[in-house]
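Here is data_22.txt, consisting of compact mmCIF, C-alpha atoms:
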```
# COMPACT_ATOMS: atom_id res chain seq x y z
CA MET A 18 -32.79 -13.97 24.53
CA SER A 19 -35.01 -14.62 27.55
CA ALA A 20 -36.81 -12.92 30.39
CA HIS A 21 -33.35 -12.64 31.97
CA HIS A 22 -32.36 -10.16 29.23
CA PRO A 23 -32.29 -6.85 31.12
CA ARG A 24 -34.66 -5.02 28.77
CA VAL A 25 -37.09 -7.93 28.34
CA GLY A 26 -36.92 -8.76 32.02
CA ALA A 27 -37.97 -5.25 33.01
CA LEU A 28 -40.83 -5.31 30.52
CA CYS A 29 -42.04 -8.73 31.69
CA SER A 30 -42.26 -7.55 35.25
CA ILE A 31 -44.56 -4.72 34.12
CA ILE A 32 -46.85 -6.46 31.63
CA GLY A 33 -46.91 -9.94 33.19
CA ALA A 34 -46.27 -13.38 31.75
CA ALA A 35 -49.01 -13.27 29.07
CA GLY A 36 -47.51 -10.43 27.09
CA CYS A 37 -44.01 -11.49 27.93
CA ALA A 38 -43.76 -14.16 25.23
CA LEU A 39 -44.83 -11.66 22.57
CA ALA A 40 -42.39 -9.08 23.89
CA ILE A 41 -39.53 -11.57 23.73
CA GLY A 42 -40.38 -12.32 20.09
CA ALA A 43 -40.32 -8.63 19.23
CA PHE A 44 -36.97 -8.09 20.97
CA VAL A 45 -35.39 -11.08 19.31
CA ALA A 46 -36.07 -9.45 15.95
CA SER A 47 -34.96 -5.94 16.89
CA ASP A 48 -32.07 -6.90 19.14
CA ALA A 49 -30.40 -9.54 17.02
CA HIS A 50 -27.61 -7.23 15.84
CA ALA A 51 -27.18 -5.09 18.91
CA ALA A 52 -26.79 -8.16 21.07
CA SER A 53 -23.77 -9.40 19.14
CA ALA A 54 -20.55 -7.63 20.02
CA PRO A 55 -18.62 -6.17 17.07
CA PRO A 56 -16.10 -8.62 15.61
CA ASN A 57 -12.51 -8.22 16.69
CA TRP A 58 -10.23 -7.20 13.83
CA THR A 59 -7.33 -6.08 16.01
CA GLY A 60 -4.15 -7.32 14.38
CA ILE A 61 -1.93 -6.95 11.33
CA TRP A 62 -3.31 -7.16 7.82
CA THR A 63 -1.75 -7.11 4.37
CA ARG A 64 -3.66 -6.08 1.28
CA VAL A 65 -3.81 -8.45 -1.67
CA GLY A 66 -3.79 -7.47 -5.35
CA SER A 67 -2.37 -4.74 -7.54
CA LEU A 68 -1.69 -1.15 -6.53
CA ASN A 69 -4.56 0.05 -8.65
CA PHE A 70 -7.80 1.36 -7.12
CA ASP A 71 -9.45 -1.88 -8.23
CA PRO A 72 -6.93 -4.48 -7.09
CA THR A 73 -8.08 -6.94 -9.75
CA THR A 74 -6.80 -4.56 -12.46
CA PRO A 75 -3.17 -5.50 -13.24
CA GLY A 76 -0.69 -3.03 -11.80
CA ASN A 77 0.74 -2.04 -15.18
CA LYS A 78 -2.68 -1.08 -16.57
CA ASN A 79 -4.12 2.42 -16.39
CA GLU A 80 -7.62 2.32 -14.94
CA ASP A 81 -10.58 4.01 -16.58
CA PHE A 82 -12.31 6.55 -14.38
CA PRO A 83 -15.43 8.58 -15.30
CA TYR A 84 -13.69 11.94 -15.35
CA ASN A 85 -15.30 15.14 -16.51
CA ALA A 86 -13.67 16.90 -19.47
CA LYS A 87 -11.26 18.97 -17.38
CA TYR A 88 -9.92 16.04 -15.38
CA LYS A 89 -9.92 13.70 -18.37
CA GLU A 90 -7.54 16.08 -20.11
CA PHE A 91 -5.29 16.05 -17.01
CA TYR A 92 -5.45 12.25 -16.66
CA ASP A 93 -4.69 11.77 -20.37
CA ARG A 94 -1.60 13.94 -19.94
CA ILE A 95 -0.52 11.90 -16.92
CA ILE A 96 -0.91 8.62 -18.84
CA ALA A 97 0.88 9.94 -21.92
CA ALA A 98 3.81 11.18 -19.82
CA GLU A 99 3.98 7.90 -17.93
CA ALA A 100 4.18 5.98 -21.20
CA LYS A 101 7.28 8.03 -22.02
CA GLY A 102 8.82 7.19 -18.64
CA LEU A 103 8.07 10.63 -17.21
CA ALA A 104 5.80 10.16 -14.21
CA ILE A 105 3.91 13.32 -13.20
CA ASN A 106 1.34 13.89 -10.44
CA ASP A 107 3.33 11.32 -8.48
CA LYS A 108 2.35 12.82 -5.13
CA SER A 109 4.17 10.44 -2.85
CA ALA A 110 7.49 10.64 -4.73
CA ASP A 111 8.29 13.72 -2.67
CA CYS A 112 7.27 11.90 0.52
CA GLN A 113 3.84 13.46 0.77
CA PRO A 114 1.44 11.21 2.69
CA PRO A 115 -0.66 9.19 0.25
CA GLY A 116 -4.03 10.47 1.43
CA ILE A 117 -6.92 8.22 2.36
CA VAL A 118 -7.86 6.96 -1.11
CA ARG A 119 -4.36 6.04 -2.27
CA MET A 120 -3.51 4.78 1.22
CA MET A 121 -6.20 2.13 1.06
CA ALA A 122 -4.40 0.66 -1.97
CA MET A 123 -1.24 0.33 0.12
CA VAL A 124 1.29 -2.41 -0.45
CA TYR A 125 2.64 -2.31 3.09
CA PRO A 126 0.75 -3.91 5.97
CA MET A 127 -1.54 -2.08 8.36
CA GLU A 128 -2.44 -2.66 11.97
CA ILE A 129 -6.02 -2.39 13.17
CA LEU A 130 -6.66 -1.54 16.81
CA GLN A 131 -10.17 -1.78 18.17
CA THR A 132 -10.79 0.11 21.37
CA PRO A 133 -14.09 1.27 22.90
CA GLY A 134 -15.61 3.88 20.60
CA GLN A 135 -12.81 3.79 18.03
CA VAL A 136 -11.28 1.68 15.30
CA THR A 137 -7.74 2.78 14.46
CA ILE A 138 -5.88 1.91 11.28
CA ILE A 139 -2.12 2.32 11.50
CA ALA A 140 -0.54 2.00 8.09
CA GLU A 141 3.10 1.03 7.94
CA TRP A 142 3.38 3.36 4.94
CA GLU A 143 4.62 6.61 6.38
CA GLY A 144 3.07 5.67 9.76
CA GLN A 145 -0.24 7.05 8.57
CA ILE A 146 -3.10 6.80 11.06
CA ARG A 147 -6.84 6.73 10.46
CA ARG A 148 -9.07 7.16 13.49
CA ILE A 149 -12.60 5.93 12.85
CA PHE A 150 -14.84 7.12 15.66
CA THR A 151 -17.58 4.63 16.50
CA ASP A 152 -18.81 6.44 19.63
CA GLY A 153 -21.74 8.08 17.92
CA ARG A 154 -20.19 11.49 17.38
CA LYS A 155 -20.95 13.49 14.24
CA HIS A 156 -18.54 15.05 11.78
CA PRO A 157 -17.39 18.51 12.82
CA GLU A 158 -18.99 21.44 11.00
CA ASP A 159 -16.78 22.62 8.15
CA PRO A 160 -13.63 20.66 9.13
CA ASP A 161 -10.20 21.77 7.96
CA PRO A 162 -9.20 19.37 5.17
CA THR A 163 -6.56 16.77 6.05
CA TYR A 164 -4.87 13.93 4.18
CA ASN A 165 -6.99 11.25 5.84
CA GLY A 166 -10.08 13.31 6.63
CA HIS A 167 -12.53 12.86 9.52
CA SER A 168 -14.02 9.37 9.81
CA ILE A 169 -17.08 8.23 11.72
CA GLY A 170 -18.26 4.66 11.72
CA ARG A 171 -21.10 2.53 12.99
CA TRP A 172 -21.52 -1.18 13.39
CA GLU A 173 -24.38 -2.77 11.57
CA GLY A 174 -24.21 -6.31 12.87
CA GLU A 175 -20.72 -7.48 11.96
CA THR A 176 -20.25 -4.85 9.25
CA LEU A 177 -18.53 -1.54 9.90
CA LEU A 178 -19.87 1.39 7.89
CA VAL A 179 -17.52 4.36 7.66
CA ASP A 180 -18.09 7.87 6.35
CA THR A 181 -15.15 10.21 5.78
CA VAL A 182 -15.27 13.94 5.02
CA GLY A 183 -12.80 16.80 5.31
CA ILE A 184 -10.36 15.22 2.86
CA LEU A 185 -7.60 17.38 1.37
CA GLY A 186 -8.22 18.05 -2.32
CA ASN A 187 -6.07 17.15 -5.33
CA GLY A 188 -5.04 13.77 -3.98
CA ILE A 189 -4.50 10.67 -6.04
CA ILE A 190 -6.45 7.47 -6.56
CA ASN A 191 -3.72 4.99 -7.49
CA ASP A 192 0.01 4.72 -8.02
CA HIS A 193 -0.31 5.93 -11.62
CA GLY A 194 -1.24 9.37 -10.29
CA ALA A 195 -4.91 9.27 -11.33
CA PRO A 196 -6.15 12.57 -9.87
CA LEU A 197 -8.92 13.42 -7.43
CA GLY A 198 -10.66 16.79 -7.42
CA GLU A 199 -10.95 19.41 -4.71
CA GLN A 200 -14.04 17.78 -3.21
CA VAL A 201 -13.73 14.22 -1.95
CA HIS A 202 -16.11 12.06 0.06
CA VAL A 203 -15.34 8.45 0.95
CA THR A 204 -17.70 5.77 2.25
CA GLU A 205 -16.58 2.30 3.20
CA LYS A 206 -18.15 -0.98 4.13
CA TRP A 207 -15.86 -3.33 6.06
CA TRP A 208 -16.64 -6.95 6.79
CA ALA A 209 -14.80 -10.19 7.55
CA GLU A 210 -14.96 -13.39 5.58
CA GLY A 211 -13.80 -16.04 8.01
CA ALA A 212 -11.20 -15.26 10.66
CA ASP A 213 -8.38 -14.16 8.40
CA THR A 214 -9.90 -12.18 5.52
CA LEU A 215 -11.14 -8.63 5.68
CA LYS A 216 -12.99 -6.88 2.88
CA ASN A 217 -13.33 -3.16 2.30
CA GLU A 218 -15.78 -1.90 -0.28
CA ILE A 219 -14.70 1.68 -0.81
CA THR A 220 -16.74 4.27 -2.69
CA VAL A 221 -15.14 7.55 -3.68
CA GLU A 222 -17.04 10.62 -4.77
CA SER A 223 -15.24 13.62 -6.20
CA PRO A 224 -18.01 15.61 -7.85
CA ASP A 225 -15.76 18.27 -9.35
CA ALA A 226 -13.65 15.60 -11.10
CA LEU A 227 -15.67 12.38 -11.39
CA LEU A 228 -19.04 12.22 -13.15
CA ARG A 229 -20.14 9.45 -10.82
CA PRO A 230 -18.77 7.67 -7.75
CA ILE A 231 -16.16 4.96 -8.23
CA LYS A 232 -16.19 1.78 -6.21
CA ALA A 233 -13.82 -1.12 -5.54
CA VAL A 234 -13.44 -3.97 -3.08
CA LYS A 235 -10.10 -4.39 -1.33
CA THR A 236 -9.06 -7.64 0.34
CA PHE A 237 -6.80 -7.86 3.36
CA LYS A 238 -5.26 -11.03 4.84
CA ARG A 239 -4.48 -11.42 8.54
CA ARG A 240 -0.75 -11.77 9.18
CA THR A 241 0.53 -13.32 12.38
CA ASP A 242 4.03 -13.83 10.98
CA ILE A 243 5.09 -10.19 10.65
CA GLN A 244 5.33 -7.01 12.68
CA ILE A 245 4.79 -3.42 11.63
CA MET A 246 8.12 -1.77 10.90
CA GLU A 247 9.18 1.87 10.82
CA TYR A 248 8.88 3.61 7.45
CA ILE A 249 9.99 7.21 7.25
CA CYS A 250 10.08 8.34 3.64
CA THR A 251 12.36 11.30 4.25
CA GLN A 252 15.12 9.08 5.65
CA ASN A 253 16.81 8.79 2.25
CA ASN A 254 14.44 9.88 -0.51
CA ARG A 255 16.37 9.92 -3.78
CA ASN A 256 13.24 10.14 -5.93
CA GLN A 257 12.24 13.78 -5.62
CA THR A 258 10.37 15.26 -8.54
CA ASN A 259 12.24 17.75 -10.71
CA ALA A 260 11.24 21.29 -11.68
CA ASP A 261 8.85 19.86 -14.30
CA GLY A 262 7.17 17.69 -11.69
CA VAL A 263 8.68 14.50 -13.07
CA THR A 264 9.79 11.71 -10.72
CA GLY A 265 13.49 10.98 -10.98
CA ILE A 266 16.39 9.32 -9.29
CA GLU A 267 19.22 11.18 -7.63
CA LEU A 268 22.37 9.63 -9.09
CA LYS A 269 25.60 9.60 -7.21
CA LYS A 270 28.87 9.95 -9.03
CA ARG A 271 32.40 9.07 -8.01
CA MET B 30 12.14 -22.40 -2.96
CA LYS B 31 14.49 -21.47 -5.76
CA PRO B 32 18.20 -20.68 -5.45
CA LEU B 33 17.18 -18.81 -2.31
CA LYS B 34 19.00 -16.39 -0.18
CA PHE B 35 21.06 -17.85 2.58
CA GLY B 36 18.54 -20.54 3.43
CA ILE B 37 16.22 -18.22 5.29
CA PRO B 38 12.75 -19.75 5.36
CA VAL B 39 10.18 -17.49 3.74
CA PHE B 40 6.52 -17.85 3.03
CA VAL B 41 7.06 -18.26 -0.63
CA GLY B 42 3.51 -18.72 -1.85
CA LEU B 43 1.97 -16.07 0.32
CA ALA B 44 4.74 -13.55 -0.03
CA ALA B 45 4.85 -13.91 -3.78
CA THR B 46 1.17 -13.07 -3.94
CA VAL B 47 1.14 -10.37 -1.35
CA PHE B 48 4.27 -8.56 -2.35
CA SER B 49 4.10 -8.78 -6.09
CA GLY B 50 4.80 -5.30 -7.32
CA ILE B 51 6.17 -4.17 -4.00
CA GLY B 52 8.80 -2.04 -5.69
CA ALA B 53 6.20 0.43 -6.85
CA ALA B 54 5.25 1.46 -3.36
CA HIS B 55 6.34 5.02 -2.93
CA HIS B 56 6.70 6.43 -6.43
CA SER B 57 5.98 5.61 -10.03
CA PHE B 58 8.46 3.28 -11.69
CA ALA B 59 7.84 4.67 -15.15
CA MET B 60 11.43 5.96 -15.33
CA PHE B 61 12.73 2.37 -15.48
CA ASP B 62 12.49 0.31 -18.65
CA ASP B 63 11.17 -2.98 -17.32
CA SER B 64 11.30 -4.53 -20.79
CA LYS B 65 15.09 -4.42 -20.60
CA GLU B 66 17.53 -6.19 -18.33
CA VAL B 67 21.18 -5.21 -18.06
CA VAL B 68 23.79 -7.06 -16.04
CA LEU B 69 26.40 -4.90 -14.33
CA THR B 70 29.49 -6.48 -12.84
CA GLY B 71 31.40 -4.50 -10.30
CA VAL B 72 32.30 -3.81 -6.70
CA VAL B 73 29.89 -2.43 -4.12
CA LYS B 74 30.87 1.01 -2.91
CA GLU B 75 27.93 1.36 -0.54
CA PHE B 76 24.69 -0.41 0.33
CA GLN B 77 22.01 1.98 1.59
CA TRP B 78 19.52 0.02 3.72
CA THR B 79 17.09 2.91 4.01
CA ASN B 80 13.50 3.94 3.35
CA PRO B 81 11.83 4.62 1.10
CA HIS B 82 14.23 2.54 -1.01
CA THR B 83 17.47 0.66 -0.71
CA PHE B 84 20.34 1.52 -3.02
CA VAL B 85 23.35 -0.41 -4.19
CA GLN B 86 26.13 1.93 -5.29
CA LEU B 87 28.11 -0.22 -7.69
CA GLU B 88 31.45 0.71 -9.23
CA VAL B 89 31.70 -0.76 -12.70
CA LYS B 90 34.89 -0.76 -14.73
CA SER B 91 34.49 0.28 -18.35
CA PRO B 92 36.50 -1.37 -21.13
CA ASP B 93 38.71 1.73 -21.26
CA GLY B 94 39.58 1.28 -17.60
CA SER B 95 37.52 4.17 -16.25
CA VAL B 96 35.15 3.42 -13.39
CA VAL B 97 31.49 4.42 -13.43
CA GLU B 98 29.31 4.46 -10.32
CA TRP B 99 25.80 3.10 -10.83
CA SER B 100 22.89 3.89 -8.48
CA ILE B 101 20.68 0.81 -8.27
CA GLU B 102 17.37 1.27 -6.52
CA GLY B 103 15.75 -1.63 -4.67
CA SER B 104 12.63 -2.20 -2.62
CA SER B 105 12.30 -0.81 0.89
CA PRO B 106 14.00 -2.53 3.82
CA ASN B 107 10.47 -3.34 5.05
CA GLY B 108 9.60 -5.41 2.00
CA LEU B 109 13.04 -6.97 1.67
CA ALA B 110 13.39 -7.89 5.35
CA ARG B 111 10.17 -9.86 5.06
CA ILE B 112 11.68 -12.04 2.35
CA GLY B 113 14.87 -12.65 4.26
CA TRP B 114 17.19 -9.78 3.43
CA LYS B 115 19.26 -8.06 6.11
CA ARG B 116 21.09 -4.75 6.22
CA THR B 117 24.26 -6.84 5.90
CA SER B 118 23.06 -8.86 2.89
CA ILE B 119 25.23 -6.66 0.67
CA LYS B 120 28.41 -5.04 1.94
CA ALA B 121 30.88 -2.51 0.64
CA GLY B 122 33.61 -4.37 -1.20
CA ASP B 123 31.35 -7.22 -2.34
CA GLN B 124 31.87 -8.36 -5.93
CA LEU B 125 28.45 -8.50 -7.54
CA ALA B 126 26.77 -9.11 -10.86
CA VAL B 127 23.61 -7.06 -10.57
CA THR B 128 20.73 -7.37 -13.01
CA ILE B 129 18.79 -4.13 -13.43
CA ASN B 130 15.95 -2.58 -15.38
CA PRO B 131 17.86 0.48 -16.63
CA LEU B 132 16.73 4.09 -16.52
CA ARG B 133 15.04 5.05 -19.78
CA SER B 134 17.14 8.22 -19.78
CA GLY B 135 20.31 6.19 -20.30
CA GLU B 136 21.86 7.59 -17.13
CA HIS B 137 23.78 5.33 -14.77
CA GLY B 138 20.90 4.05 -12.68
CA GLY B 139 18.32 1.33 -12.63
CA ASN B 140 15.90 -0.80 -10.70
CA PHE B 141 17.28 -3.82 -8.87
CA VAL B 142 16.19 -7.18 -10.26
CA GLN B 143 18.72 -9.51 -8.66
CA ALA B 144 22.32 -9.79 -7.54
CA LYS B 145 24.67 -12.72 -7.86
CA PHE B 146 27.76 -13.27 -5.72
CA PRO B 147 30.91 -14.99 -7.03
CA ASP B 148 30.05 -18.07 -4.93
CA GLY B 149 26.73 -18.41 -6.73
CA ARG B 150 24.43 -17.03 -4.05
CA VAL B 151 21.60 -14.99 -5.55
CA LEU B 152 19.56 -12.22 -3.95
CA THR B 153 16.19 -11.64 -5.56
CA ARG B 154 13.71 -8.80 -5.12
CA ARG B 155 10.76 -11.07 -4.47
CA ALA B 156 10.39 -14.26 -2.52
CA GLY B 157 10.69 -17.39 -4.58
CA GLU B 158 11.67 -15.54 -7.73
CA ALA B 159 13.76 -17.48 -10.23
CA PRO B 160 16.98 -15.88 -11.48
CA ALA B 161 16.30 -13.44 -14.26
CA ALA B 162 16.67 -14.57 -17.84
CA GLY B 163 20.07 -13.60 -19.14
CA ALA B 164 21.59 -13.53 -15.68
CA PRO B 165 25.11 -14.87 -15.39
CA GLN B 166 24.99 -18.54 -14.46
```
Do you think you could lay out the structure here as C-alpha cells?
Amino acid sequence: MSAHHPRVGALCSIIGAAGCALAIGAFVASDAHAASAPPNWTGIWTRVGSLNFDPTTPGNKNEDFPYNAKYKEFYDRIIAAEAKGLAINDKSADCQPPGIVRMMAMVYPMEILQTPGQVTIIAEWEGQIRRIFTDGRKHPEDPDPTYNGHSIGRWEGETLLVDTVGILGNGIINDHGAPLGEQVHVTEKWWAEGADTLKNEITVESPDALLRPIKAVKTFKRRTDIQIMEYICTQNNRNQTNADGVTGIELKKR
Amino acid sequence: MKPLKFGIPVFVGLAATVFSGIGAAHHSFAMFDDSKEVVLTGVVKEFQWTNPHTFVQLEVKSPDGSVVEWSIEGSSPNGLARIGWKRTSIKAGDQLAVTINPLRSGEHGGNFVQAKFPDGRVLTRRAGEAPAAGAPQ
C-alpha cells in the first residue's frame, strides 16, 4: 500500500502530503482483504472421511439429527428398515441426483473451476454441477426448486461464503437416507489450509423437519494424480427400488 | 503393497483413506450382510464394467451338477480404475474364487470382496487390502 495505490494516490493529490499518511493508514486497514486476490482452488479434489453428513462419524453409524416429531418417526422407520437389510428413502438408488446436501458428502472426486464472477463445482457423481455466482448478483425472487439450488457467494479475504436457496424438498442428508424437509437452506464457509487441503463448513436448515440447523466440516484433498471420469448412473443400474421403495439388486439367471 | 493386482503402482496409503467405503456410493448397502463372507468358485459368464456398479456374473456348479448364476456387485469402474483395475481385469471364461458378502435375502447375489485366480493373483476392492479371512489360499 502506498501513494501509488490508485485510490490512495487520487486522494493524496487532493488533500496533499500532510493528510496522505493518515489516509494510507486508513486504507491499509479497510483494503487489506480487497487487495488480496481470491485464492485459486481450480483443480481436482477428493473428500476425506465417511459418507455421513459429519465425516468423522463412522460410515456404519446412523447419525443423530434434531428432527421434529413427524420427521423423527420417519427417520426411525428408515433406520429400523435398514437394520433389517431393507433400505428405504434411498433416493439415489434409482439414479436420482443426490441433491446439494448429500452431494457434498460425495465419495467421488470433484473439480473446482474458478472463473471471473463464478466458482463452479463439477462432481464426478452423476456429473452434477454447482454454479456459485460471485459477481454480486442476488438470488432470484421465488426460484423454482432444483436439486442443487441457486448459489451466490462472496469472498471475505481468502474465505468463500456461499448461500444456497431454491433447493428441491424431500432430499436426503447422508447415504443412510436421513430425510430433509420441504424447506431447505444451505450456507457454506470454504477455506484452504495450506495448498492441498480445502475445508467446507456446511450448515443446513430445514425448518419443517429439523428443530435447529445442523452443521459439519468436510475436508477435501487436492489430487494431481487423477482425472474426472464419466459417471452415468443409468448406464447399467441394477439397484432400482421395488414397489415398496426398498433398494434391491436385479439378479440375472441362466 | 499386499498381494497386489498385476503390479500396478497405486497410492496405497492415500487411496485406502480416501476410498474407504467407496462401495456405498450410489445406494445403501443394507441388503448385503457384511458380517458374512462366502467364497464362490466358478466360471465368469460376463464382467460388466459399467456405472453405477460393476458386476461379475459367475456360474457356480452345485454338488448336484446344476449350475447357478450369481450376480456379484462391485464398486464403480471409476473407483476401481483408480486402484488399478481395468475393464479387462476379469474376462468371460475366467476361473475365479470370488469372496462375497451375500444378500441377506438368500438370493444368488452379493457384494464383491475379492477374487482369486487359479495362478494366485488376487483382485481386491480397495487398494492395499489384504486377502479376506477365509479366502482360499
Could I get the residues of chain A with an atom no further than 8 Å from an atom of chain B, each paired with its nearest atom pair and that distance in Å to one decimal, using all atoms listed in the file, sorted by chain and residue number, as a Markdown table?
```
| residue | atom | partner | partner_atom | distance |
| --- | --- | --- | --- | --- |
| A:Thr63 | CA | B:Val47 | CA | 7.2 |
| A:Arg64 | CA | B:Val47 | CA | 7.0 |
| A:Val65 | CA | B:Val47 | CA | 5.3 |
| A:Gly66 | CA | B:Val47 | CA | 7.0 |
| A:Ser67 | CA | B:Gly50 | CA | 7.2 |
| A:Leu68 | CA | B:Gly50 | CA | 7.7 |
| A:Gly76 | CA | B:Gly50 | CA | 7.4 |
| A:Glu99 | CA | B:Ala59 | CA | 5.7 |
| A:Ala100 | CA | B:Ala59 | CA | 7.2 |
| A:Lys101 | CA | B:Ala59 | CA | 7.7 |
| A:Gly102 | CA | B:Met60 | CA | 4.4 |
| A:Leu103 | CA | B:Met60 | CA | 6.1 |
| A:Ala104 | CA | B:Ala59 | CA | 5.9 |
| A:Asp107 | CA | B:His56 | CA | 6.3 |
| A:Lys108 | CA | B:His56 | CA | 7.8 |
| A:Ser109 | CA | B:His55 | CA | 5.8 |
| A:Ala110 | CA | B:His56 | CA | 4.6 |
| A:Cys112 | CA | B:His55 | CA | 7.8 |
| A:Met123 | CA | B:Ala54 | CA | 7.5 |
| A:Val124 | CA | B:Ala54 | CA | 6.3 |
| A:Tyr125 | CA | B:Gly108 | CA | 7.7 |
| A:Asp192 | CA | B:Ser57 | CA | 6.4 |
| A:His193 | CA | B:Ser57 | CA | 6.5 |
| A:Ile243 | CA | B:Arg111 | CA | 7.6 |
| A:Met246 | CA | B:Asn107 | CA | 6.5 |
| A:Glu247 | CA | B:Asn107 | CA | 7.9 |
| A:Tyr248 | CA | B:Asn80 | CA | 6.2 |
| A:Ile249 | CA | B:Asn80 | CA | 6.2 |
| A:Cys250 | CA | B:Pro81 | CA | 4.8 |
| A:Thr251 | CA | B:Pro81 | CA | 7.4 |
| A:Gln252 | CA | B:Asn80 | CA | 5.9 |
| A:Asn253 | CA | B:Asn80 | CA | 6.0 |
| A:Asn254 | CA | B:Pro81 | CA | 6.1 |
| A:Asn256 | CA | B:His56 | CA | 7.5 |
| A:Thr264 | CA | B:Ser57 | CA | 7.2 |
| A:Gly265 | CA | B:Met60 | CA | 7.0 |
| A:Ile266 | CA | B:Gly138 | CA | 7.7 |
| A:Leu268 | CA | B:Ser100 | CA | 5.8 |
| A:Lys269 | CA | B:Ser100 | CA | 6.4 |
| A:Lys270 | CA | B:Glu98 | CA | 5.7 |
| A:Arg271 | CA | B:Glu98 | CA | 6.0 |
```
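Take atom CA of A:Thr204 and atom CA of A:Val179: the distance between them is 5.6 Å.
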Coordinates-based distance that separates atom CA of A:Lys206 from atom CA of A:Thr181 (Å, one decimal) = 11.7 Å
Using atom CA of B:Ile112 and atom CA of B:Ile129 as the two end points, give the distance in Å to one decimal.
-> 19.0 Å
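Among A:Glu141, A:Glu199, A:Glu128, A:Asp180, the residue with the shortest atom-to-atom distance to A:Ala226, counting only C-alpha atoms, is A:Glu199.
Of the listed residues (A:Ile95, A:Ile105, A:Ile138, A:Met121), A:Ile138 comes nearest to A:Ile245; the distances count all atoms listed in the file.
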Draw an axis-aligned box over all listed atoms of stretch 130-146 of chain B, pad each side with 5 Å, and write its centre and edge lengths in Å, one decimal, as lines of an AutoDock Vina configuration file.
```
center_x = 21.4
center_y = -2.5
center_z = -13.0
size_x = 22.7
size_y = 31.5
size_z = 24.6
```
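Residues in contact with B:Leu109 at 9 Å, where all atoms listed in the file are counted and same-chain residues fewer than 4 positions away are skipped, are listed as Gly103, Ser104, Ser105, Gly113, Trp114, Lys115, Arg154, Arg155 and Ala156 of chain B.
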